[in-house]
$ cat run_5.cif   # mmCIF, C-alpha atoms
data_entry
loop_
_atom_site.label_atom_id
_atom_site.label_comp_id
_atom_site.auth_asym_id
_atom_site.auth_seq_id
_atom_site.Cartn_x
_atom_site.Cartn_y
_atom_site.Cartn_z
CA MET A 1 103.58 64.55 108.09
CA GLY A 2 100.26 65.69 106.66
CA GLU A 3 97.54 64.53 104.30
CA TRP A 4 95.04 66.15 101.96
CA VAL A 5 91.31 66.01 102.64
CA GLN A 6 88.22 67.29 100.84
CA VAL A 7 86.16 70.02 102.53
CA ARG A 8 82.64 70.86 101.43
CA GLY A 9 81.90 74.59 101.29
CA PRO A 10 78.87 76.63 100.24
CA ASP A 11 80.22 76.98 96.68
CA GLY A 12 81.62 73.47 96.28
CA GLY A 13 84.37 71.18 97.48
CA PHE A 14 88.04 72.07 97.90
CA LYS A 15 91.16 70.40 99.22
CA ALA A 16 92.83 71.20 102.51
CA TYR A 17 96.16 70.10 103.94
CA VAL A 18 95.77 68.50 107.38
CA ALA A 19 98.52 67.96 109.97
CA ARG A 20 97.50 65.88 112.98
CA PRO A 21 99.18 65.85 116.40
CA SER A 22 100.50 62.57 117.79
CA GLY A 23 98.01 62.57 120.70
CA THR A 24 94.50 63.88 121.22
CA PRO A 25 94.30 67.39 119.72
CA LYS A 26 94.11 70.32 122.16
CA GLY A 27 91.93 72.07 119.58
CA ALA A 28 92.05 72.92 115.89
CA VAL A 29 93.52 75.79 113.89
CA VAL A 30 92.59 76.74 110.33
CA VAL A 31 95.80 77.99 108.68
CA VAL A 32 95.09 80.65 106.05
CA GLN A 33 97.58 80.81 103.20
CA GLU A 34 99.79 83.56 101.86
CA ILE A 35 99.59 84.56 98.19
CA PHE A 36 101.72 81.55 97.18
CA GLY A 37 99.08 78.89 97.83
CA VAL A 38 99.27 76.03 100.32
CA ASN A 39 102.98 75.70 99.62
CA ALA A 40 105.81 74.12 101.62
CA VAL A 41 105.94 77.16 103.94
CA MET A 42 102.20 76.95 104.77
CA ARG A 43 102.31 73.17 105.16
CA GLY A 44 105.27 73.73 107.49
CA LYS A 45 103.20 76.13 109.62
CA ALA A 46 100.49 73.47 109.88
CA ASP A 47 103.09 70.82 110.81
CA TRP A 48 104.45 73.16 113.51
CA LEU A 49 100.99 73.57 115.05
CA ALA A 50 100.52 69.79 114.98
CA ARG A 51 103.80 69.35 116.86
CA GLU A 52 102.40 71.79 119.43
CA GLY A 53 99.34 69.56 119.87
CA PHE A 54 96.76 71.13 117.53
CA LEU A 55 94.92 69.70 114.56
CA ALA A 56 95.92 72.10 111.75
CA VAL A 57 93.98 72.48 108.51
CA ALA A 58 95.15 74.67 105.60
CA PRO A 59 92.42 75.11 102.95
CA ASP A 60 93.27 75.78 99.31
CA LEU A 61 91.61 79.19 98.91
CA PHE A 62 92.70 79.55 95.28
CA TRP A 63 90.55 76.58 94.21
CA ARG A 64 88.03 78.72 92.30
CA ILE A 65 90.88 80.17 90.19
CA LYS A 66 92.99 77.03 89.89
CA PRO A 67 93.26 74.20 92.45
CA GLY A 68 96.61 73.19 93.86
CA ILE A 69 98.62 76.38 93.29
CA ASP A 70 102.02 75.93 94.96
CA LEU A 71 104.51 78.76 94.43
CA THR A 72 107.59 80.05 96.27
CA ASP A 73 108.85 83.56 96.99
CA GLN A 74 112.17 82.80 95.32
CA SER A 75 111.67 84.18 91.80
CA GLU A 76 110.23 87.33 90.26
CA ALA A 77 108.00 85.26 87.96
CA GLU A 78 106.44 83.44 90.92
CA TRP A 79 105.87 86.72 92.76
CA LYS A 80 104.12 88.16 89.70
CA GLN A 81 101.94 85.06 89.40
CA ALA A 82 101.15 85.02 93.13
CA LEU A 83 100.15 88.71 93.15
CA ASP A 84 97.92 88.06 90.14
CA TYR A 85 96.17 85.22 91.97
CA MET A 86 95.74 87.42 95.05
CA ASN A 87 94.11 90.14 92.94
CA GLN A 88 91.74 87.62 91.35
CA LEU A 89 90.74 86.07 94.68
CA ASP A 90 87.24 86.74 96.02
CA LYS A 91 88.16 87.45 99.66
CA ASN A 92 84.53 87.35 100.84
CA ALA A 93 84.10 83.88 99.35
CA SER A 94 87.38 82.88 101.04
CA VAL A 95 85.94 83.82 104.45
CA LYS A 96 83.09 81.38 103.74
CA ASP A 97 85.68 78.72 102.87
CA VAL A 98 87.38 79.39 106.22
CA ALA A 99 84.01 79.00 107.99
CA ALA A 100 83.46 75.68 106.18
CA THR A 101 86.96 74.55 107.22
CA LEU A 102 86.23 75.49 110.85
CA ALA A 103 83.10 73.32 110.66
CA TRP A 104 85.09 70.45 109.14
CA ALA A 105 87.68 70.72 111.94
CA ARG A 106 85.02 70.72 114.68
CA ASN A 107 83.51 67.60 113.12
CA GLN A 108 86.79 65.83 113.91
CA GLY A 109 85.80 66.03 117.57
CA VAL A 110 88.39 68.62 118.59
CA GLY A 111 86.22 70.99 120.59
CA LYS A 112 87.32 74.55 119.90
CA ALA A 113 88.69 75.76 116.58
CA GLY A 114 90.54 78.96 115.70
CA VAL A 115 92.06 80.68 112.69
CA MET A 116 95.62 81.82 111.91
CA GLY A 117 96.65 83.60 108.73
CA TYR A 118 99.69 85.18 107.12
CA CYS A 119 99.88 88.17 104.74
CA MET A 120 96.77 87.93 102.54
CA GLY A 121 95.69 85.13 104.87
CA GLY A 122 96.10 87.48 107.83
CA TYR A 123 93.55 89.82 106.27
CA ILE A 124 91.17 86.92 105.62
CA ALA A 125 91.72 85.69 109.19
CA PHE A 126 90.76 89.15 110.50
CA LEU A 127 87.59 89.09 108.40
CA ALA A 128 86.89 85.61 109.79
CA ALA A 129 87.25 87.00 113.33
CA CYS A 130 84.58 89.57 112.47
CA ARG A 131 82.22 87.29 110.54
CA THR A 132 82.55 83.65 111.64
CA ASP A 133 82.32 81.58 114.83
CA THR A 134 86.09 81.16 115.23
CA ASP A 135 87.05 80.68 118.90
CA ALA A 136 90.37 82.58 118.63
CA THR A 137 92.16 84.27 115.74
CA ILE A 138 95.72 85.32 114.91
CA ALA A 139 96.91 87.41 111.96
CA TYR A 140 100.57 87.78 111.03
CA HIS A 141 101.20 91.02 109.04
CA GLY A 142 97.70 91.01 107.56
CA GLY A 143 97.71 93.29 104.53
CA GLY A 144 94.49 95.25 104.25
CA ILE A 145 93.26 94.93 107.84
CA HIS A 146 93.19 98.73 108.11
CA THR A 147 90.51 98.78 105.39
CA ALA A 148 88.26 96.37 107.34
CA LEU A 149 88.31 98.03 110.77
CA GLY A 150 84.66 99.03 110.34
CA GLU A 151 83.82 95.36 110.86
CA ALA A 152 85.67 95.10 114.19
CA SER A 153 82.39 95.33 116.13
CA GLY A 154 81.77 91.77 114.91
CA ILE A 155 84.70 90.42 116.95
CA LYS A 156 83.26 88.14 119.65
CA GLN A 157 86.34 86.07 120.59
CA PRO A 158 90.02 86.86 121.28
CA VAL A 159 92.19 88.17 118.43
CA MET A 160 95.98 88.65 118.27
CA LEU A 161 97.81 90.60 115.57
CA HIS A 162 101.55 90.35 114.86
CA ASN A 163 102.59 93.55 113.04
CA PRO A 164 106.20 94.27 112.01
CA LEU A 165 106.71 98.04 112.04
CA GLU A 166 109.04 98.22 109.00
CA ASP A 167 106.54 96.37 106.80
CA SER A 168 107.34 97.15 103.16
CA PHE A 169 103.81 96.16 102.09
CA ILE A 170 101.77 97.84 104.84
CA PRO A 171 102.28 101.60 105.38
CA ARG A 172 103.19 102.77 108.90
CA GLU A 173 100.05 104.96 108.92
CA ALA A 174 97.95 101.83 108.36
CA LEU A 175 99.67 100.05 111.26
CA ASP A 176 99.11 103.10 113.49
CA THR A 177 95.42 103.15 112.51
CA ILE A 178 95.05 99.46 113.32
CA ARG A 179 96.64 99.91 116.76
CA GLU A 180 94.68 103.02 117.71
CA THR A 181 91.33 101.75 116.40
CA LEU A 182 91.56 98.37 118.12
CA LYS A 183 93.19 99.58 121.36
CA PRO A 184 89.86 100.05 123.23
CA ASN A 185 88.75 96.49 122.40
CA PRO A 186 89.66 94.16 125.30
CA LEU A 187 89.43 91.12 123.00
CA VAL A 188 92.24 92.34 120.73
CA THR A 189 95.99 92.21 121.41
CA VAL A 190 98.35 93.91 118.94
CA HIS A 191 102.02 92.91 119.08
CA GLU A 192 104.38 95.22 117.19
CA TYR A 193 107.92 94.35 116.13
CA ALA A 194 110.37 97.25 115.73
CA GLY A 195 112.88 96.88 112.92
CA LEU A 196 111.19 93.85 111.34
CA ASP A 197 109.73 93.64 107.84
CA HIS A 198 106.84 91.83 106.19
CA ALA A 199 106.82 88.02 106.49
CA PHE A 200 109.51 88.00 109.17
CA THR A 201 108.45 84.47 110.17
CA ARG A 202 108.70 83.00 106.64
CA GLU A 203 111.69 80.66 106.78
CA GLY A 204 113.79 81.05 103.67
CA GLY A 205 112.28 84.46 102.93
CA LYS A 206 114.49 87.51 102.62
CA HIS A 207 112.92 89.20 105.68
CA TYR A 208 113.08 86.12 107.93
CA ASP A 209 114.16 86.98 111.47
CA ARG A 210 114.80 84.07 113.81
CA ALA A 211 114.51 86.00 117.10
CA GLY A 212 111.38 87.80 115.98
CA THR A 213 109.84 84.51 114.84
CA GLN A 214 110.54 82.86 118.19
CA LEU A 215 108.96 85.80 120.01
CA ALA A 216 105.83 85.88 117.84
CA ASP A 217 105.40 82.13 117.62
CA SER A 218 105.71 81.59 121.37
CA ALA A 219 103.00 84.24 121.88
CA THR A 220 100.87 82.41 119.30
CA ILE A 221 101.16 79.04 121.04
CA ASN A 222 100.44 80.58 124.46
CA PHE A 223 97.38 82.31 122.97
CA PHE A 224 96.00 79.13 121.39
CA ASN A 225 96.77 77.09 124.53
CA GLU A 226 94.75 79.62 126.53
CA HIS A 227 91.79 80.01 124.19
CA LEU A 228 91.49 76.68 122.34
CA ALA A 229 92.92 73.97 124.60
#
$ encode --input "run_5.cif" --output "structure tokens"
Amino acid sequence: MGEWVQVRGPDGGFKAYVARPSGTPKGAVVVVQEIFGVNAVMRGKADWLAREGFLAVAPDLFWRIKPGIDLTDQSEAEWKQALDYMNQLDKNASVKDVAATLAWARNQGVGKAGVMGYCMGGYIAFLAACRTDTDATIAYHGGGIHTALGEASGIKQPVMLHNPLEDSFIPREALDTIRETLKPNPLVTVHEYAGLDHAFTREGGKHYDRAGTQLADSATINFFNEHLA
């Protein structure tokens, strides 16, 4: 369904996977990867957004380490490799890559452009909400958001967080801190999912939950329809 394009960022060029809707895009969404690279799961998220009428662009944030990383969550070796890449990644540089991708998307004549990230990408999406000109931002189980709450004053446009409460990677105290800290901010909506674990929307993953995914994803599409379309 998609194609690969070259995006020019402040530190150089990198590839991004693009999925285009059949008609005129309602808006654009930058899809921020998990620790496995722009793999089949992330390309599938972009394809889903395209079916919903959005231009979706998933930049390869690992390009400074090694371009084109494409792992799965199906083996211990791949997990080890993916975690190693995550630890090497310069997250601040990644936010600049997201900003460059937003600019690329707007140059396609789409009007508004937002950001949506998963896991590590959820954290980067939150930083993008605080630091870039994204028009609307969504983070699914963003690991590390609780460490960046001091930047929340930079949020100028709507943000939605999808946080499973039984997240095996994000402590419950961190989720409580996120909720309580962001509660007074009228731009931020935090959805919490009792009984669900990390990456509950990752099809094929061991924590995948169909009902939870439908709930979260319908909220996501409604949010982007409201703020980007």
$ residues_around --input "run_5.cif" --residues "A:Ser168" --least-positions-apart "5" --cutoff "10 Å" --atoms "all atoms listed in the file" --output "JSON, numbers by chain"
{"A": [196, 197, 198, 199]}
$ closest_residue --input "run_5.cif" --among "A:Ser153, A:Gln88, A:Thr213, A:Thr137" --to "A:Val32" --atoms "only C-alpha atoms"
A:Thr137
$ atom_distance --input "run_5.cif" --atom1 "atom CA of A:Lys112" --atom2 "atom CA of A:Glu3"
21.2 Å
$ closest_residue --input "run_5.cif" --among "A:Ala211, A:Ala219, A:Arg202, A:Gly12" --to "A:Gln74" --atoms "all atoms listed in the file"
A:Arg202
$ resolve_selection --input "run_5.cif" --expression "the PyMOL selection byres ((chain A and resi 192) around 7)" --output "PyMOL selection string"
chain A and resi 162-165+190-191+193-194
$ closest_residue --input "run_5.cif" --among "A:Leu161, A:Met86, A:Ala152, A:Ala19" --to "A:Asn185" --atoms "all atoms listed in the file"
A:Ala152
$ residues_around --input "run_5.cif" --residues "A:Lys26" --least-positions-apart "6" --cutoff "6 Å" --atoms "only C-alpha atoms" --output "list in words"
Gly53, Phe54 and Ala229 of chain A
$ resolve_selection --input "run_5.cif" --expression "the PyMOL selection byres ((chain A and resi 101) around 9)" --output "list in words"
Val7, Arg8, Gly9, Ala16, Val30, Val57, Ala58, Pro59, Lys96, Asp97, Val98, Ala99, Ala100, Leu102, Ala103, Trp104, Ala105 and Arg106 of chain A
$ residues_around --input "run_5.cif" --residues "A:Asn39" --least-positions-apart "4" --cutoff "8 Å" --atoms "only C-alpha atoms" --output "PyMOL selection string"
chain A and resi 43+69-72
$ resolve_selection --input "run_5.cif" --expression "the PyMOL selection byres ((chain A and resi 35) around 12)" --output "PyMOL selection string"
chain A and resi 32-34+36-39+41-42+60-62+69-73+78-89+91+117-124+142-143+199
$ axis_aligned_box --input "run_5.cif" --around "stretch 74-78 of chain A" --padding-each-side "3 Å" --output "JSON"
{"center_x": 109.3, "center_y": 85.1, "center_z": 91.6, "size_x": 11.7, "size_y": 10.5, "size_z": 13.4}
$ atom_distance --input "run_5.cif" --atom1 "atom CA of A:Ala28" --atom2 "atom CA of A:Leu55"
4.5 Å
$ closest_residue --input "run_5.cif" --among "A:Ala50, A:Ala56, A:Ala139, A:Ala174" --to "A:Val5" --atoms "all atoms listed in the file"
A:Ala56
$ residues_around --input "run_5.cif" --residues "A:Ala129" --least-positions-apart "4" --cutoff "10 Å" --atoms "all atoms listed in the file" --output "MDAnalysis selection string"
chainID A and resid 95 114:116 123:125 133:139 151:152 154:159
$ build_atoms --input "run_5.cif" --residues "stretch 49-61 of chain A" --atoms "N, CA and C atoms" --output "PDB file, in the coordinates of the input"
ATOM      1  N   LEU A  49     102.133  73.567 114.131  1.00  0.00           N
ATOM      2  CA  LEU A  49     100.990  73.570 115.050  1.00  0.00           C
ATOM      3  C   LEU A  49     100.651  72.160 115.507  1.00  0.00           C
ATOM      4  N   ALA A  50     100.783  71.191 114.601  1.00  0.00           N
ATOM      5  CA  ALA A  50     100.520  69.790 114.980  1.00  0.00           C
ATOM      6  C   ALA A  50     101.528  69.316 116.025  1.00  0.00           C
ATOM      7  N   ARG A  51     102.792  69.710 115.850  1.00  0.00           N
ATOM      8  CA  ARG A  51     103.800  69.350 116.860  1.00  0.00           C
ATOM      9  C   ARG A  51     103.474  69.970 118.209  1.00  0.00           C
ATOM     10  N   GLU A  52     102.795  71.115 118.191  1.00  0.00           N
ATOM     11  CA  GLU A  52     102.400  71.790 119.430  1.00  0.00           C
ATOM     12  C   GLU A  52     101.078  71.245 119.991  1.00  0.00           C
ATOM     13  N   GLY A  53     100.509  70.247 119.322  1.00  0.00           N
ATOM     14  CA  GLY A  53      99.340  69.560 119.870  1.00  0.00           C
ATOM     15  C   GLY A  53      98.003  69.928 119.250  1.00  0.00           C
ATOM     16  N   PHE A  54      98.015  70.707 118.160  1.00  0.00           N
ATOM     17  CA  PHE A  54      96.760  71.130 117.530  1.00  0.00           C
ATOM     18  C   PHE A  54      96.537  70.402 116.201  1.00  0.00           C
ATOM     19  N   LEU A  55      95.276  70.144 115.903  1.00  0.00           N
ATOM     20  CA  LEU A  55      94.920  69.700 114.560  1.00  0.00           C
ATOM     21  C   LEU A  55      94.964  70.943 113.669  1.00  0.00           C
ATOM     22  N   ALA A  56      95.763  70.924 112.616  1.00  0.00           N
ATOM     23  CA  ALA A  56      95.920  72.100 111.750  1.00  0.00           C
ATOM     24  C   ALA A  56      95.406  71.777 110.359  1.00  0.00           C
ATOM     25  N   VAL A  57      94.605  72.688 109.814  1.00  0.00           N
ATOM     26  CA  VAL A  57      93.980  72.480 108.510  1.00  0.00           C
ATOM     27  C   VAL A  57      94.207  73.721 107.640  1.00  0.00           C
ATOM     28  N   ALA A  58      94.840  73.542 106.488  1.00  0.00           N
ATOM     29  CA  ALA A  58      95.150  74.670 105.600  1.00  0.00           C
ATOM     30  C   ALA A  58      94.354  74.513 104.295  1.00  0.00           C
ATOM     31  N   PRO A  59      93.241  75.241 104.156  1.00  0.00           N
ATOM     32  CA  PRO A  59      92.420  75.110 102.950  1.00  0.00           C
ATOM     33  C   PRO A  59      93.041  75.789 101.737  1.00  0.00           C
ATOM     34  N   ASP A  60      92.806  75.202 100.567  1.00  0.00           N
ATOM     35  CA  ASP A  60      93.270  75.780  99.310  1.00  0.00           C
ATOM     36  C   ASP A  60      92.273  76.852  98.878  1.00  0.00           C
ATOM     37  N   LEU A  61      92.560  78.108  99.207  1.00  0.00           N
ATOM     38  CA  LEU A  61      91.610  79.190  98.910  1.00  0.00           C
ATOM     39  C   LEU A  61      91.627  79.610  97.440  1.00  0.00           C
TER      40      LEU A  61
END
